[in-house]
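Chemist: This is query20.cif, which holds mmCIF, C-alpha atoms:
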data_entry
loop_
_atom_site.label_atom_id
_atom_site.label_comp_id
_atom_site.auth_asym_id
_atom_site.auth_seq_id
_atom_site.Cartn_x
_atom_site.Cartn_y
_atom_site.Cartn_z
CA MET A 211 2.44 127.02 61.55
CA ALA A 212 6.22 126.97 61.15
CA PHE A 213 8.14 125.28 58.33
CA SER A 214 11.66 123.90 58.47
CA ALA A 215 14.28 125.03 55.93
CA ASP A 216 13.78 121.82 53.89
CA GLU A 217 10.00 122.22 53.94
CA LEU A 218 10.32 125.82 52.78
CA ARG A 219 12.56 124.69 49.93
CA VAL A 220 9.96 122.12 48.85
CA LEU A 221 7.13 124.64 49.23
CA ARG A 222 8.97 127.25 47.16
CA ARG A 223 9.67 124.68 44.43
CA ALA A 224 6.02 123.52 44.43
CA LEU A 225 4.78 127.10 44.12
CA ALA A 226 7.18 127.78 41.25
CA ILE A 227 5.94 124.65 39.48
CA ALA A 228 2.31 125.70 40.04
CA LEU A 229 3.07 129.05 38.38
CA HIS A 230 5.18 127.58 35.56
CA PRO A 231 4.04 123.98 34.97
CA MET A 232 6.74 121.51 33.99
CA PRO A 233 7.31 117.80 34.46
CA LEU A 234 8.47 116.83 37.94
CA PRO A 235 11.12 114.29 38.82
CA ASP A 236 9.95 111.54 41.16
CA GLU A 237 12.09 112.94 43.98
CA ASP A 238 10.25 116.29 43.80
CA VAL A 239 6.87 114.54 43.77
CA GLN A 240 7.87 112.57 46.88
CA ASP A 241 9.05 115.78 48.59
CA CYS A 242 5.71 117.46 47.83
CA LEU A 243 3.77 114.45 49.11
CA ARG A 244 5.81 114.40 52.33
CA LEU A 245 5.21 118.14 52.79
CA ALA A 246 1.47 117.66 52.20
CA GLY A 247 1.51 114.89 54.80
CA ALA A 248 3.31 117.13 57.30
CA VAL A 249 0.80 119.93 56.72
CA ASP A 250 -2.08 117.47 57.15
CA GLU A 251 -0.53 116.27 60.41
CA ALA A 252 -0.14 119.86 61.66
CA VAL A 253 -3.76 120.62 60.79
CA GLY A 254 -4.85 117.46 62.62
CA GLU A 255 -2.80 118.46 65.67
CA ALA A 256 -4.38 121.92 65.63
CA GLY A 257 -7.80 120.24 65.54
CA ARG A 258 -6.92 118.06 68.53
CA LEU A 259 -5.65 121.10 70.42
CA ARG A 260 -8.86 122.98 69.64
CA THR A 261 -10.91 120.02 70.86
CA PHE A 262 -8.93 119.99 74.11
CA LEU A 263 -9.46 123.74 74.61
CA LEU A 264 -13.19 123.48 73.99
CA ALA A 265 -13.50 120.54 76.39
CA ASP A 266 -11.65 122.61 79.00
CA LEU A 267 -14.06 125.49 78.37
CA VAL A 268 -17.02 123.16 78.96
CA ARG A 269 -15.49 121.92 82.24
CA TYR A 270 -15.04 125.49 83.48
CA ARG A 271 -18.57 126.42 82.37
CA ASN A 272 -20.00 123.45 84.24
CA ALA A 273 -18.12 124.50 87.39
CA LEU A 274 -19.63 128.00 87.42
CA PRO A 275 -19.96 130.17 89.50
CA GLY A 276 -16.82 128.97 91.28
CA SER A 277 -14.68 129.12 88.13
CA VAL A 278 -15.77 132.52 86.83
CA SER A 279 -12.35 134.04 86.21
CA GLY A 280 -10.98 130.88 84.55
CA TYR A 281 -14.10 130.48 82.42
CA LEU A 282 -14.02 134.09 81.22
CA GLU A 283 -10.32 133.81 80.31
CA LEU A 284 -10.84 130.53 78.45
CA LEU A 285 -13.86 131.94 76.63
CA GLN A 286 -11.85 134.97 75.52
CA ASP A 287 -9.07 132.68 74.26
CA ALA A 288 -11.57 130.47 72.44
CA LEU A 289 -13.25 133.47 70.81
CA ALA A 290 -9.85 134.72 69.64
CA GLY A 291 -9.34 131.29 68.04
CA GLY A 292 -12.60 131.49 66.07
CA TYR A 293 -14.96 129.73 68.49
CA ASP A 294 -18.67 130.30 67.90
CA PRO A 295 -20.39 130.64 71.28
CA GLY A 296 -23.33 128.36 71.87
CA PRO A 297 -26.53 128.72 73.85
CA ASP A 298 -24.82 127.39 77.00
CA ASP A 299 -22.19 130.12 76.78
CA LEU A 300 -24.82 132.81 76.31
CA ALA A 301 -26.84 131.51 79.28
CA ALA A 302 -23.72 131.41 81.48
CA LEU A 303 -22.76 134.94 80.48
CA ARG A 304 -26.28 136.20 81.16
CA ALA A 305 -26.04 134.80 84.68
CA LEU A 306 -22.69 136.55 85.13
CA ARG A 307 -23.53 139.87 83.46
CA HIS A 308 -23.21 141.74 86.77
CA ARG A 309 -19.44 141.48 86.17
CA PRO A 310 -18.11 144.04 83.65
CA VAL A 311 -15.94 141.50 81.80
CA ALA A 312 -18.85 139.07 81.48
CA ALA A 313 -21.18 141.83 80.28
CA ALA A 314 -18.71 142.82 77.55
CA LEU A 315 -18.26 139.19 76.55
CA LEU A 316 -22.02 138.70 76.46
CA GLU A 317 -22.42 141.53 73.94
CA ARG A 318 -19.58 140.16 71.83
CA CYS A 319 -20.92 136.60 71.97
CA GLN A 320 -24.46 137.67 71.02
CA VAL A 321 -23.10 139.36 67.88
CA LEU A 322 -20.95 136.32 67.01
CA ALA A 323 -23.80 133.88 67.63
CA GLU A 324 -26.12 135.89 65.40
CA ARG A 325 -23.52 135.97 62.60
CA SER A 326 -22.97 132.24 62.97
CA VAL A 327 -26.68 131.48 62.65
CA GLN A 328 -26.98 133.73 59.60
CA ALA A 329 -23.94 132.08 57.98
CA ARG A 330 -25.33 128.59 58.62
CA LEU A 331 -28.69 129.55 57.13
CA ALA A 332 -26.98 131.07 54.10
CA GLY A 333 -24.73 127.99 53.86
CA ARG A 334 -27.72 125.65 53.72
CA ALA A 335 -29.17 127.60 50.84
CA VAL A 336 -25.84 127.55 48.98
CA SER A 337 -25.04 123.89 49.75
CA ALA A 338 -28.26 122.78 48.11
CA LYS A 339 -27.01 124.32 44.84
CA ALA A 340 -23.24 123.75 45.16
CA PRO A 341 -21.40 120.52 44.34
CA ALA A 342 -19.73 118.50 47.08
CA SER A 343 -16.59 119.97 48.59
CA ARG A 344 -13.21 119.11 47.12
CA GLY A 345 -11.16 116.43 48.82
CA ARG A 346 -7.40 116.22 49.17
CA LEU A 347 -5.14 117.40 46.38
CA LEU A 348 -4.34 114.33 44.30
CA ALA A 349 -2.27 115.82 41.49
CA LEU A 350 0.10 118.72 41.13
CA PRO A 351 -0.02 120.94 38.02
CA GLY A 352 2.83 119.93 35.73
CA GLY A 353 3.28 116.75 37.71
CA ARG A 354 2.13 113.33 36.79
CA ALA A 355 -0.68 112.92 34.28
CA ALA A 356 -4.13 113.29 35.80
CA ASP A 357 -5.69 110.82 33.31
CA ALA A 358 -4.14 107.65 34.66
CA GLU A 359 -3.64 107.06 38.35
CA PRO A 360 -0.07 105.71 38.40
CA GLU A 361 1.08 103.39 41.08
CA ARG A 362 2.66 105.51 43.81
CA PRO A 363 6.23 104.59 44.63
CA LYS A 364 6.69 103.43 48.16
CA VAL A 365 8.53 105.79 50.43
CA PRO A 366 11.32 103.94 52.23
CA ALA A 367 10.57 103.68 55.91
CA GLU A 368 12.86 105.57 58.23
CA PRO A 369 14.91 103.29 60.45
CA ALA A 370 13.47 102.91 63.91
CA ARG A 371 15.15 104.98 66.58
CA PRO A 372 16.67 103.05 69.41
CA GLY A 373 14.31 103.60 72.29
CA GLY A 374 11.01 104.12 70.59
CA PRO A 375 8.99 104.73 67.46
CA SER A 376 10.16 107.08 64.72
CA ARG A 377 7.31 109.55 65.35
CA ARG A 378 7.51 112.03 68.14
CA PRO A 379 4.90 111.63 70.87
CA ALA A 380 2.03 114.07 71.07
CA PRO A 381 2.63 116.76 73.70
CA LYS A 382 0.68 116.65 76.92
CA PRO A 383 -1.75 119.51 77.59
CA SER A 384 0.41 120.59 80.53
CA GLU A 385 3.37 120.97 78.14
CA VAL A 386 1.39 123.05 75.65
CA PHE A 387 -0.39 125.20 78.20
CA PRO A 388 1.66 126.08 81.25
CA PRO A 389 -0.36 126.63 84.43
CA ARG A 390 -1.71 130.13 84.81
CA ARG A 391 -0.61 132.15 87.76
CA ARG A 392 -3.39 133.57 89.80
CA PRO A 393 -3.10 137.25 90.63
CA VAL A 394 -2.23 137.91 94.24
CA PRO A 395 -4.68 140.35 95.86
CA PRO A 396 -3.07 143.34 97.59
CA PRO A 397 -2.86 143.01 101.38
CA GLN A 398 -5.62 144.82 103.19
CA GLN A 399 -4.53 147.48 105.59
CA ARG A 400 -6.18 147.59 108.95
CA ALA A 401 -6.97 150.83 110.66
CA VAL A 402 -5.12 151.19 113.92
CA GLY A 403 -6.94 153.06 116.42
#
With the file now loaded, output its structure as structure tokens.

Modeler:
Amino acid sequence: MAFSADELRVLRRALAIALHPMPLPDEDVQDCLRLAGAVDEAVGEAGRLRTFLLADLVRYRNALPGSVSGYLELLQDALAGGYDPGPDDLAALRALRHRPVAAALLERCQVLAERSVQARLAGRAVSAKAPASRGRLLALPGGRAADAEPERPKVPAEPARPGGPSRRPAPKPSEVFPPRRRPVPPPQQRAVG
């Protein structure tokens, strides 16, 4: 995630206030709320991108065995992004284990799947004892009083840009992921004779 210079300024100020609580002017509160909104939007975009990648992985898995190389590459990318392989992935890799890359991925996926199951089982035991997870941050330390929920000032809307809405459009998958180039096999030499 990358921050602009203004966002870094707001983030630095918010961290300083968290370490040394003091009252905040309304302008600083609005800056922090805008930054929190931008971070929430970036997290949402990352979630949509992850959903797209996983849907692409499923399409390649369903097209096996014809899409072996693409599937193995996508699976490696998904694993690098924190993907927990499911039973379908393990079954596909077992069918492809005659390939060295698939065999190595199968070993890696079996370890990850086992860890995931253990973590879920441990999480169920903990969630029965733990309180519900915390929602969004509603107050900043040193900011407005937490006792009374004051009426939030309205942020003035940005003027509409001529030619479209003020928000930038979501990128297309083809813009985010350029097409992969397939390796060209070396030409086979024929024996003359």

Chemist: Mind giving me the straight-line distance from CA of Glu324 in chain A to CA of Asp294 in chain A in Å, one decimal?

Modeler: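 Atom-to-atom, CA of Glu324 in chain A to CA of Asp294 in chain A, that is 9.6 Å.
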
Chemist: Please list as a ChimeraX atom specification every residue within 12 Å of Arg258 in chain A, counting only C-alpha atoms and excluding residues in the same chain fewer than 6 positions away.

Modeler: /A:251-252,264-265,380-383

Chemist: Do you know which residues are at most 12 Å from Val311 in chain A counting all atoms listed in the file, after dropping those on the same chain fewer than 6 positions away, and could you put them as number ranges by chain?

Modeler: A: 278-279, 281-283, 285-286, 303-304, 317-318

Chemist: Quick check, in Å to one decimal: how far apart do CA of Val321 in chain A and CA of Val253 in chain A lie?

Modeler: 27.8 Å

Chemist: So which residues touch Ser326 in chain A within 12 Å, counting all atoms listed in the file, skipping near sequence neighbours fewer than 2 positions away, as a VMD selection string?

Modeler: chain A and resid 292 to 297 319 to 324 328 to 333

Chemist: Here is a test: counting only C-alpha atoms, which residue of A:Asp287, A:Asp266, A:Asp299, A:Glu217 is nearest to Ala246 in chain A?

Modeler: A:Glu217

Chemist: Work out where the centre of an axis-aligned box around every listed atom of range 294-305 of chain A lies and how long its edges are once 5 Å is added on each side; give both in Å to one decimal as JSON.

Modeler:
{"center_x": -22.8, "center_y": 131.8, "center_z": 76.3, "size_x": 18.2, "size_y": 18.8, "size_z": 26.8}

Chemist: Using only C-alpha atoms, which residue out of A:Arg334, A:Gly276, A:Pro310, A:Leu315 lies closest to Ala290 in chain A?

Modeler: A:Leu315

Chemist: CA of Leu274 in chain A and CA of Glu255 in chain A are how many Å apart?

Modeler: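 Separation of CA of Leu274 in chain A and CA of Glu255 in chain A: 29.1 Å.
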
Chemist: With distances taken over only C-alpha atoms, which residue among A:Met232, A:Cys242, A:Ala248, A:Leu300 lies nearest Ala314 in chain A?

Modeler: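 Among the listed residues, A:Leu300 lies closest to Ala314 in chain A.
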